[in-house]
Amino acid sequence: MEGISYQRFPKIRVREMKDDYLKFDLTDTDASMANALRRVMIAEVPTIAIDLVEIEVNSSVLNDEFIAHRLGLIPLTSDFAMGMRFSRDCDSCDGDGQCEYCSVEFHLNVRCDSDQTLDVTSADLRSTDPHVVPVDVAARALSTDPASFDSDQRGIIIVKLRRGQELRLRAIARKGIGKDHAKWSPAATVTFMYEPEIHINEDLMETLTLEEKRNWVESSPTKVFDIDPNTQQVMVVDPEAYTYDEEVIKKAEAMGKPGLVEIYAKEDGFIFTVESTGAIKASQLVINAIEVLRQKLDAVRMQDAEADFKEFSEHLGV
């Protein structure tokens with residue numbers, strides 16, 4: 001008798017895609033795989049962030065540690081982060097984390113010589129690698145509509161300087177993951193919900209008056225149902241707007257019509273919403289997460305194979 005295979009082949013269907021936003025369906029899988037993908041996107045997809053700051057001069061009102069922390073939280077373009085080495089694994093610099101294969105160097109040198117307060121921003125950071133710059137700087141450089149940016153805002157503010165104050169520093173950006181520190185997380189938000197399946201009992205619905213139908217439709221906090229102006233029938237207009245609040249079910253029971261609608265969560269269908277910090281595109285974030293998850297599964301499979309081989313060798317007395 002052949003063994004039963006529980007192998008699945010998950011599918012992804014993109015609904016909406018922007019540089020920093022992606023909405024897609026994940027089907028033919030279960031909640032464990034959906035949640036694994038979500039957690040990998042948040043905590044295990046690598047990006048680049050400032051990790052070491054050497055301050056030469058700081059006469060601002062903020063202390064050195066405060067400025068170093070603010071620098072670390074500035075998102076940097078990380079399109080090539082997957083190909084970089086982790087500083088702890090780099091054999092070119094013996095783990096020192098200050099070579100071209102595992103790090104990018106930044107410099108900042110600003111002095112205020114006027115009576116007007118000077119904003120020191122991410123635009124003042126000078127990178128040794130043109131591919132790794134603050135996200136807002138890259139967005140301005142690629143924008144075809146400069147008017148879309150606030151002329152008064154030069155970038156992410158690091159500190160404000162008054163006359164005679166100066167800030168001069170050197171910073172090293174390294175590859176890392178959100179599990180080590182939130183500054184390396186490429187995701188602003190990653191959420192998923194079960195895809196709802198909604199069935200209206202048409203026969204029971206026809207026993208309601210038009211006013212009762214309106215009251216029932218309006219009991220939903222979100223625009224899930226509507227009434228067809230021609231047929232006066234209640235229809236499902238946006239099942240994904242349903243938030244599993246069960247208000248329409250409670251309303252039906254209060255009207256003495258239990259079973260008016262049945263709502264199930266599809267156990268093999270999920271709707272994902274992904275928002276990126278801008279370090280990488282939302283679409284690339286999903287692709288990188290799938291690659292990281294595949295590598296982790298390959299590592300588990302290799303461990304299982306080694307364990308089986310060891311057990312087999314012990315059985316043979318080798």
# chains A, B, ... in the order shown; residues from 1 in each chain; ligands from 1
>>> select_by_dssp(residues="range 225-281 of chain A", states="helix (DSSP H, G or I)", output="ChimeraX atom specification")
/A:239-241,247-254
>>> write_last_selection(atoms="N, CA, C and O atoms", output="short mmCIF file (atom, residue, chain, number, x, y, z; two decimals), in the first residue's frame")
data_model
loop_
_atom_site.label_atom_id
_atom_site.label_comp_id
_atom_site.auth_asym_id
_atom_site.auth_seq_id
_atom_site.Cartn_x
_atom_site.Cartn_y
_atom_site.Cartn_z
N PRO A 239 -16.34 40.59 0.05
CA PRO A 239 -16.15 39.63 1.14
C PRO A 239 -14.89 39.88 1.95
O PRO A 239 -14.83 39.57 3.14
N GLU A 240 -13.87 40.47 1.32
CA GLU A 240 -12.60 40.69 2.04
C GLU A 240 -12.69 41.79 3.08
O GLU A 240 -11.83 41.92 3.95
N ALA A 241 -13.75 42.61 3.00
CA ALA A 241 -13.94 43.67 3.99
C ALA A 241 -14.45 43.11 5.30
O ALA A 241 -14.43 43.80 6.32
N GLU A 247 -21.19 40.64 13.52
CA GLU A 247 -22.30 41.56 13.78
C GLU A 247 -23.54 41.19 12.96
O GLU A 247 -24.66 41.27 13.46
N VAL A 248 -23.34 40.79 11.71
CA VAL A 248 -24.49 40.44 10.86
C VAL A 248 -25.16 39.16 11.35
O VAL A 248 -26.37 38.98 11.24
N ILE A 249 -24.36 38.25 11.91
CA ILE A 249 -24.92 37.01 12.47
C ILE A 249 -25.75 37.32 13.71
O ILE A 249 -26.87 36.80 13.89
N LYS A 250 -25.24 38.20 14.58
CA LYS A 250 -25.98 38.60 15.78
C LYS A 250 -27.26 39.36 15.40
O LYS A 250 -28.31 39.18 16.04
N LYS A 251 -27.18 40.20 14.36
CA LYS A 251 -28.35 40.96 13.91
C LYS A 251 -29.42 40.02 13.38
O LYS A 251 -30.63 40.21 13.66
N ALA A 252 -29.00 39.01 12.62
CA ALA A 252 -29.96 38.04 12.09
C ALA A 252 -30.66 37.29 13.22
O ALA A 252 -31.88 37.06 13.17
N GLU A 253 -29.92 36.91 14.24
CA GLU A 253 -30.52 36.21 15.39
C GLU A 253 -31.46 37.13 16.15
O GLU A 253 -32.52 36.69 16.61
N ALA A 254 -31.10 38.41 16.26
CA ALA A 254 -31.98 39.37 16.95
C ALA A 254 -33.27 39.60 16.17
O ALA A 254 -34.32 39.91 16.77
#
>>> select_by_dssp(residues="range 72-218 of chain A", states="strand (DSSP E)", output="ChimeraX atom specification")
/A:103-111,118-121,126-127,157-161,166-176,187-200
>>> write_last_selection(atoms="N, CA and C atoms", output="short mmCIF file (atom, residue, chain, number, x, y, z; two decimals), in the first residue's frame")
data_model
loop_
_atom_site.label_atom_id
_atom_site.label_comp_id
_atom_site.auth_asym_id
_atom_site.auth_seq_id
_atom_site.Cartn_x
_atom_site.Cartn_y
_atom_site.Cartn_z
N SER A 103 30.40 45.62 4.65
CA SER A 103 30.03 46.89 5.26
C SER A 103 30.07 48.03 4.24
N VAL A 104 29.42 49.13 4.60
CA VAL A 104 29.43 50.36 3.80
C VAL A 104 29.73 51.51 4.76
N GLU A 105 30.63 52.40 4.34
CA GLU A 105 31.04 53.50 5.22
C GLU A 105 30.30 54.78 4.88
N PHE A 106 29.88 55.50 5.92
CA PHE A 106 29.21 56.80 5.76
C PHE A 106 30.01 57.87 6.51
N HIS A 107 29.94 59.09 6.00
CA HIS A 107 30.56 60.23 6.67
C HIS A 107 29.54 61.35 6.77
N LEU A 108 29.62 62.11 7.87
CA LEU A 108 28.75 63.27 8.05
C LEU A 108 29.59 64.38 8.66
N ASN A 109 29.54 65.55 8.04
CA ASN A 109 30.32 66.70 8.52
C ASN A 109 29.51 67.97 8.29
N VAL A 110 28.88 68.46 9.36
CA VAL A 110 27.99 69.63 9.24
C VAL A 110 28.31 70.62 10.36
N ARG A 111 28.35 71.90 10.01
CA ARG A 111 28.56 72.96 11.00
C ARG A 111 27.59 74.10 10.70
N LEU A 118 19.88 75.04 11.93
CA LEU A 118 20.21 74.17 10.81
C LEU A 118 19.78 72.74 11.11
N ASP A 119 18.99 72.17 10.21
CA ASP A 119 18.57 70.78 10.35
C ASP A 119 19.62 69.86 9.73
N VAL A 120 20.15 68.95 10.53
CA VAL A 120 21.05 67.91 10.01
C VAL A 120 20.18 66.70 9.70
N THR A 121 20.15 66.29 8.45
CA THR A 121 19.24 65.23 8.02
C THR A 121 20.00 64.09 7.33
N ARG A 126 27.07 60.96 3.66
CA ARG A 126 27.79 60.67 2.41
C ARG A 126 28.23 59.21 2.43
N SER A 127 27.75 58.45 1.45
CA SER A 127 28.04 57.02 1.40
C SER A 127 29.18 56.71 0.45
N ILE A 157 15.27 63.97 9.92
CA ILE A 157 16.07 64.82 10.81
C ILE A 157 16.85 63.98 11.83
N ILE A 158 18.15 64.27 11.92
CA ILE A 158 19.02 63.60 12.88
C ILE A 158 19.19 64.46 14.13
N VAL A 159 19.46 65.75 13.91
CA VAL A 159 19.64 66.69 15.03
C VAL A 159 19.52 68.10 14.46
N LYS A 160 19.27 69.08 15.34
CA LYS A 160 19.24 70.49 14.94
C LYS A 160 20.44 71.22 15.56
N LEU A 161 21.06 72.07 14.77
CA LEU A 161 22.24 72.80 15.23
C LEU A 161 21.97 74.30 15.26
N GLU A 166 28.53 71.92 15.87
CA GLU A 166 29.08 71.10 14.78
C GLU A 166 28.87 69.62 15.07
N LEU A 167 28.72 68.86 14.02
CA LEU A 167 28.61 67.40 14.14
C LEU A 167 29.46 66.77 13.04
N ARG A 168 30.44 65.98 13.44
CA ARG A 168 31.31 65.30 12.48
C ARG A 168 31.48 63.86 12.95
N LEU A 169 31.20 62.91 12.05
CA LEU A 169 31.26 61.50 12.45
C LEU A 169 31.52 60.59 11.26
N ARG A 170 31.85 59.35 11.61
CA ARG A 170 32.04 58.26 10.63
C ARG A 170 31.15 57.11 11.08
N ALA A 171 30.44 56.51 10.15
CA ALA A 171 29.52 55.43 10.51
C ALA A 171 29.72 54.23 9.59
N ILE A 172 29.56 53.05 10.15
CA ILE A 172 29.69 51.80 9.38
C ILE A 172 28.33 51.11 9.36
N ALA A 173 27.83 50.84 8.16
CA ALA A 173 26.56 50.12 7.99
C ALA A 173 26.87 48.66 7.67
N ARG A 174 26.12 47.75 8.30
CA ARG A 174 26.35 46.32 8.10
C ARG A 174 25.04 45.60 7.80
N LYS A 175 25.20 44.40 7.30
CA LYS A 175 24.06 43.54 7.02
C LYS A 175 23.57 42.91 8.33
N GLY A 176 22.26 42.81 8.48
CA GLY A 176 21.70 42.20 9.67
C GLY A 176 20.25 41.84 9.45
N ALA A 187 10.29 45.35 7.07
CA ALA A 187 8.83 45.41 7.03
C ALA A 187 8.28 46.44 8.00
N ALA A 188 7.39 47.31 7.50
CA ALA A 188 6.66 48.21 8.38
C ALA A 188 5.52 47.43 9.03
N THR A 189 4.73 46.74 8.22
CA THR A 189 3.68 45.84 8.72
C THR A 189 3.56 44.65 7.77
N VAL A 190 3.29 43.50 8.34
CA VAL A 190 2.95 42.30 7.55
C VAL A 190 1.78 41.63 8.27
N THR A 191 0.64 41.56 7.62
CA THR A 191 -0.53 40.92 8.22
C THR A 191 -1.15 39.94 7.24
N PHE A 192 -1.85 38.96 7.79
CA PHE A 192 -2.65 38.10 6.91
C PHE A 192 -3.95 37.75 7.61
N MET A 193 -4.97 37.48 6.83
CA MET A 193 -6.26 37.07 7.36
C MET A 193 -6.77 35.89 6.54
N TYR A 194 -7.60 35.07 7.18
CA TYR A 194 -8.22 33.97 6.45
C TYR A 194 -9.18 34.54 5.41
N GLU A 195 -9.17 33.96 4.24
CA GLU A 195 -10.09 34.39 3.20
C GLU A 195 -11.50 33.94 3.57
N PRO A 196 -12.46 34.88 3.71
CA PRO A 196 -13.81 34.49 4.14
C PRO A 196 -14.65 33.91 3.00
N GLU A 197 -15.52 32.99 3.35
CA GLU A 197 -16.47 32.41 2.40
C GLU A 197 -17.87 32.69 2.95
N ILE A 198 -18.66 33.49 2.24
CA ILE A 198 -19.95 33.98 2.74
C ILE A 198 -21.09 33.40 1.90
N HIS A 199 -22.06 32.79 2.58
CA HIS A 199 -23.23 32.22 1.91
C HIS A 199 -24.49 32.83 2.52
N ILE A 200 -25.32 33.47 1.68
CA ILE A 200 -26.59 34.06 2.13
C ILE A 200 -27.71 33.06 1.84
#
>>> residues_around(residues="Cys90 in chain A", least_positions_apart="2", cutoff="12 Å", atoms="only C-alpha atoms", output="list in words")
Met84, Arg85, Phe86, Ser87, Arg88, Ser92, Cys93, Asp94, Gly95, Asp96, Gly97, Gln98, Cys99, Glu100, Tyr101, Cys102, Ser103, Arg174 and Lys175 of chain A
>>> residues_around(residues="Ser114 in chain A", least_positions_apart="3", cutoff="8 Å", atoms="only C-alpha atoms", output="MDAnalysis selection string")
chainID A and resid 117 162:163
>>> atom_distance(atom1="CA of Ala139 in chain A", atom2="CA of Phe24 in chain A")
24.5 Å
>>> closest_residue(among="A:Arg154, A:Gln165, A:Asp136, A:Asp91", to="Val57 in chain A", atoms="only C-alpha atoms")
A:Gln165
>>> atom_distance(atom1="CA of His131 in chain A", atom2="CA of Thr273 in chain A")
27.3 Å
>>> residues_around(residues="Asn288 in chain A", least_positions_apart="5", cutoff="10 Å", atoms="only C-alpha atoms", output="mmCIF file with N, CA, C and O atoms, in the first residue's frame")
data_model
loop_
_atom_site.group_PDB
_atom_site.id
_atom_site.type_symbol
_atom_site.label_atom_id
_atom_site.label_comp_id
_atom_site.auth_asym_id
_atom_site.auth_seq_id
_atom_site.Cartn_x
_atom_site.Cartn_y
_atom_site.Cartn_z
ATOM 1 N N VAL A 40 9.175 35.385 8.857
ATOM 2 C CA VAL A 40 10.441 35.531 8.129
ATOM 3 C C VAL A 40 10.531 36.921 7.505
ATOM 4 O O VAL A 40 11.591 37.564 7.530
ATOM 5 N N MET A 41 9.423 37.409 6.953
ATOM 6 C CA MET A 41 9.425 38.749 6.358
ATOM 7 C C MET A 41 9.768 39.818 7.393
ATOM 8 O O MET A 41 10.494 40.768 7.114
ATOM 9 N N GLU A 44 13.646 37.985 9.486
ATOM 10 C CA GLU A 44 14.791 37.229 8.985
ATOM 11 C C GLU A 44 15.233 37.578 7.568
ATOM 12 O O GLU A 44 16.156 36.957 7.049
ATOM 13 N N VAL A 45 14.575 38.543 6.946
ATOM 14 C CA VAL A 45 15.052 39.027 5.646
ATOM 15 C C VAL A 45 16.109 40.100 5.912
ATOM 16 O O VAL A 45 15.835 41.088 6.591
ATOM 17 N N PRO A 46 17.333 39.920 5.422
ATOM 18 C CA PRO A 46 18.416 40.868 5.759
ATOM 19 C C PRO A 46 18.294 42.216 5.048
ATOM 20 O O PRO A 46 17.828 42.297 3.908
ATOM 21 N N MET A 82 21.140 40.749 0.210
ATOM 22 C CA MET A 82 21.154 39.277 0.179
ATOM 23 C C MET A 82 22.517 38.759 -0.275
ATOM 24 O O MET A 82 22.945 37.669 0.131
ATOM 25 N N ILE A 280 13.844 47.767 0.855
ATOM 26 C CA ILE A 280 13.666 47.001 -0.378
ATOM 27 C C ILE A 280 12.197 47.110 -0.778
ATOM 28 O O ILE A 280 11.343 47.437 0.052
ATOM 29 N N ALA A 282 8.418 46.044 -1.648
ATOM 30 C CA ALA A 282 7.554 45.070 -0.987
ATOM 31 C C ALA A 282 7.550 43.735 -1.736
ATOM 32 O O ALA A 282 7.562 42.665 -1.118
ATOM 33 N N SER A 283 7.561 43.787 -3.069
ATOM 34 C CA SER A 283 7.584 42.557 -3.857
ATOM 35 C C SER A 283 8.878 41.789 -3.631
ATOM 36 O O SER A 283 8.883 40.563 -3.505
ATOM 37 N N LEU A 293 13.172 31.244 3.680
ATOM 38 C CA LEU A 293 12.400 30.117 4.203
ATOM 39 C C LEU A 293 12.828 28.811 3.530
ATOM 40 O O LEU A 293 12.936 27.772 4.186
ATOM 41 N N ARG A 294 13.094 28.884 2.235
ATOM 42 C CA ARG A 294 13.565 27.687 1.515
ATOM 43 C C ARG A 294 14.916 27.228 2.055
ATOM 44 O O ARG A 294 15.143 26.021 2.243
#
>>> residues_around(residues="range 208-216 of chain A", least_positions_apart="4", cutoff="9 Å", atoms="only C-alpha atoms", output="PDB file with C-alpha atoms, in the first residue's frame")
ATOM      1  CA  LEU A 204     -34.806  33.195   4.297  1.00  0.00           C
ATOM      2  CA  SER A 220     -22.062  45.322   9.328  1.00  0.00           C
ATOM      3  CA  ASP A 226     -25.367  45.868  -0.385  1.00  0.00           C
ATOM      4  CA  ILE A 227     -28.832  45.820  -1.893  1.00  0.00           C
ATOM      5  CA  GLN A 232     -33.896  44.477  -4.193  1.00  0.00           C
ATOM      6  CA  GLN A 233     -31.814  41.419  -3.340  1.00  0.00           C
ATOM      7  CA  VAL A 234     -28.995  41.460  -0.809  1.00  0.00           C
ATOM      8  CA  VAL A 248     -24.491  40.443  10.862  1.00  0.00           C
ATOM      9  CA  LYS A 251     -28.349  40.956  13.913  1.00  0.00           C
ATOM     10  CA  ALA A 252     -29.961  38.040  12.089  1.00  0.00           C
ATOM     11  CA  MET A 255     -34.402  39.596  14.012  1.00  0.00           C
TER      12      MET A 255
END
>>> closest_residue(among="A:Gly178, A:Pro10, A:Gly155, A:Pro186", to="Phe270 in chain A", atoms="only C-alpha atoms")
A:Pro10
>>> atom_distance(atom1="CA of Ala49 in chain A", atom2="CA of Val14 in chain A")
29.1 Å
